[in-house]
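To start, the structure under review is shown below, and the notes come after it.
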Number of protein chains: 2
Amino acid sequence: MIHPTSRVLVTDLRQHLNQTVSVCGWVNTHRLQRTMQFVLVRDHTGTVQVTHRRAGDRDLLEEALEQVTIESAVRITGRVVDNPVVKLGGLEILPERVEVLSRAEAALPIDELTGLEQRLDWRFLDVRRRPAAQLLFAVQTTLEQGMRAFAYGQGCTEMHTPKLMGTASESGAEVFKLGYFDRSAYLAQSPQFFKQMAIAAGIDRVFEIGPVFRAEPSFTSRHATEFTGIDVELAWINGVEDVMAFEEQMLAHAIAQVSEQHGEEIREAYGVEVVVPKTPFPRITMAEAQAVLRARGWDPQGVKEDLDPEGERGIAAYVRKQTGHEFAFITHYPTGIRPFYHMRPAGQPDVTLSFDLLWKGLEITTGAQREHRYDVLLQQATEKGMSTEPMQDYLNCFRYGCPPHGGLGMGLGRMLMVMLGLDSIREATFLFRGPNRLTP
Amino acid sequence: MIHPTSRVLVTDLRQHLNQTVSVCGWVNTHRLQRTMQFVLVRDHTGTVQVTHRRAGDRDLLEEALEQVTIESAVRITGRVVDNPVVKLGGLEILPERVEVLSRAEAALPIDELTGLEQRLDWRFLDVRRRPAAQLLFAVQTTLEQGMRAFAYGQGCTEMHTPKLMGTASESGAEVFKLGYFDRSAYLAQSPQFFKQMAIAAGIDRVFEIGPVFRAEPSFTSRHATEFTGIDVELAWINGVEDVMAFEEQMLAHAIAQVSEQHGEEIREAYGVEVVVPKTPFPRITMAEAQAVLRARGWDPQGVKEDLDPEGERGIAAYVRKQTGHEFAFITHYPTGIRPFYHMRPAGQPDVTLSFDLLWKGLEITTGAQREHRYDVLLQQATEKGMSTEPMQDYLNCFRYGCPPHGGLGMGLGRMLMVMLGLDSIREATFLFRGPNRLTP
């Protein structure tokens, strides 16, 4: 009887040459010949060849290897031996024990040719069988931890604000409504009001990563009804420039971490280069961006004050040509397309102290200095035709001394999508949620 | 004209003796005498005295200090001078410029005598004015980052699983339902099914911090309808013991971080000692726990197989007396009170390979090895009278090779509540949500 040893990861096998170890993983492929059985076993760190020379009599080992199906979860116990002929690391395992911990049904529901939607139906298999998909979540972990570490270093406190709200205050149109005992609640479409409450609560700098919910019937490659938001809010700023400076440094830090830890793997798996951005990022006002684009023939229907996706790509290309930079801050968005709580520069009621950040032509962030003066805030809400009653709790925060502050929100999936050059945010999310997709 | 210098935190003032600096904060108190004006300004790092000697003529400075209200947000620019008589750090600021950035209304809606519910109505002021409440969020940040750092070191990937679900699969009774375009969706009461999907997707070890939603009409001091959950799921375990070992080490690591960074402040603000727990934590089976309790006269009505809060406190006291330990794992919960997906030991269908973790007598975690064998899982679901159709996506994960795995979920607010000795989870949450509270 051979007892299983403690698990060794495939990537560490060479350290165990000529020892008996256990490897845990999935059957990637098997090739059964008359005299030899070859099974490739894959874990999250690599793939190893298991080689069994058939004895004259069929033994239990031979039987097990004969019957094992692709994607079965197995534990193989055996001796690690050097074999320069083997492509996978020049070594193989000579099995002494084969345990099928969970047998896969013989026919897998997806393969390499399966389209996106059906892959999403079987997302666990889709992610498991594609090392590039596995890599994405390692990159996600590094990216967000890079941002978090930077934020902590800058004195941020990690907050978890509620996703359940009593009123659909920020913008009623895009909010999910739910039954809440004998009344209704709404899902937060961003932590905006709550992170500002944290500022009013004396939390000097707020950092939050959490889900945000958008009841928009958008079917584009870059929208989801639920996604992971990264939010920052900074108290006592001197202006919106402080927010942009924070963001560009945070991104440069986090992207440097990704480049260092995964740059090579990303190049291999996705064919893209992770470029660590130089700071400061280029800045261009919306007015200037529009002038540049219009001079180049951009004239979208129905988009007067904003940039449409084509405009975003156009201005990003322009900035890149001018500066070589993948990022571009678009600043001073017109008042008409920004929420009431964005601050406006003194004497310039038509624009806001706000920005979007484009990365390779896609918007990944919206940010602004917030209006912290109660009377001005009320006036701006009234101007926008907002009813102040449902947001009284929010407005109260400005009645008892609220410091100047500003912040930003970004989408984690969008960042990964842009960084890895993915066609759709569906590929950058573990379990995508859209108007037509609530499963798996 | 005096230009504001860049902001200096109160805690750093001594490094700027005899320099002119700007301090940003809230007016804590002011004392206006005939010849002198004293204003205490508080930021998140401390409080400083601003001392102005009145000139014969009323100047702008005097006017500003005269009119400033408690809790106004101010920026004071002035010279930092040594003054051993001053209690607050033996220094004071002689102001040269006083800017009221946001004036507070004269009468604050809460004070030191205000009850909990009304304090929660004005949570931003409640947190801002109590240094102990400020400290709580610093501790929260350290605690969760301590757990995260440990988990990363153990090879965990940080996942963000969806909170929107197409079916109320895990347990229909306690789930919030919402309108989702032309159909319904449900809010995840835990990431349970999704983190298991991540295991099936080849993510070796899953770590997630995110909101969980419970539609329970519970009004106790330890329940909330929304709270921050910390979830771990580990693939390829040899047994539930691996999960418990992971948890106790994670907690010991994180609590050590809290003790090191905040132990003294916590002692001062909350009067409790943060004890770094020794590993392993004590373990006791539910059967043994019940025997111990019943021998001591515990005989609750309607609680046959489980522990009620009194039982939890009782067994925790017993374990503490026996071992000196604040923590206790209760293991082998009866099958009847555990979900269908908990694994049962071979030949013992009446108990599960599960545990709760008590800390100072309060349950902070539930964990288990999960049943990964498709046929056994189906059978256990059927036994519990579950309909398998709504959870087909979950069950599919077990059809194509799912490794043995197990994990745990814990509540961040409960941990803080126990650690700091708070009476209610309402105090351990930034913005509490309960059946009667959806605001602010």
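How things are named: the first chain in the structure tokens is A, the next is B, and so on; residues count from 1 in each chain; ligands count from 1 in the order shown.
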
With only C-alpha atoms as the counted atoms, please give the residues lying no more than 9 Å from region 132-138 of chain A, apart from itself and same-chain residues fewer than 2 positions off, as a PyMOL selection string.
(chain A and resi 44+126-130+140-143+262+265-266+268-270+416+420+427-430) or (chain B and resi 157-159+201-203)

Give the alpha helix (DSSP H) residues of region 130-376 of chain B, as DSSP finds them on the backbone, and put them as JSON, numbers by chain.
{"B": [131, 132, 133, 134, 135, 136, 137, 138, 139, 140, 141, 142, 143, 144, 145, 146, 147, 148, 149, 150, 151, 152, 153, 192, 193, 194, 195, 196, 197, 198, 199, 200, 240, 241, 242, 243, 244, 245, 246, 247, 248, 249, 250, 251, 252, 253, 254, 255, 256, 257, 258, 259, 260, 261, 262, 263, 264, 265, 266, 267, 268, 269, 270, 286, 287, 288, 289, 290, 291, 292, 293, 294, 295, 309, 310, 311, 312, 313, 314, 315, 316, 317, 318, 319, 320, 321, 322, 323, 374, 375, 376]}

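Minimum distance to chain A across B:Thr69, B:Gln49, B:Thr11, B:Gln257 (counting only C-alpha atoms) occurs at B:Thr69.
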
Using only C-alpha atoms, which of A:His16, A:Arg283, A:Arg267, A:Arg7 sits nearest chain B?
A:Arg7

Would you work out the distance separating CA of Arg54 (chain A) from CA of Gln67 (chain A), expressed in Å to one decimal?
14.1 Å

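Residue nearest chain A within the list B:Thr439, B:Thr365, B:Thr20, B:Ser221: B:Thr439 [criterion: smallest interatomic distance, only C-alpha atoms].
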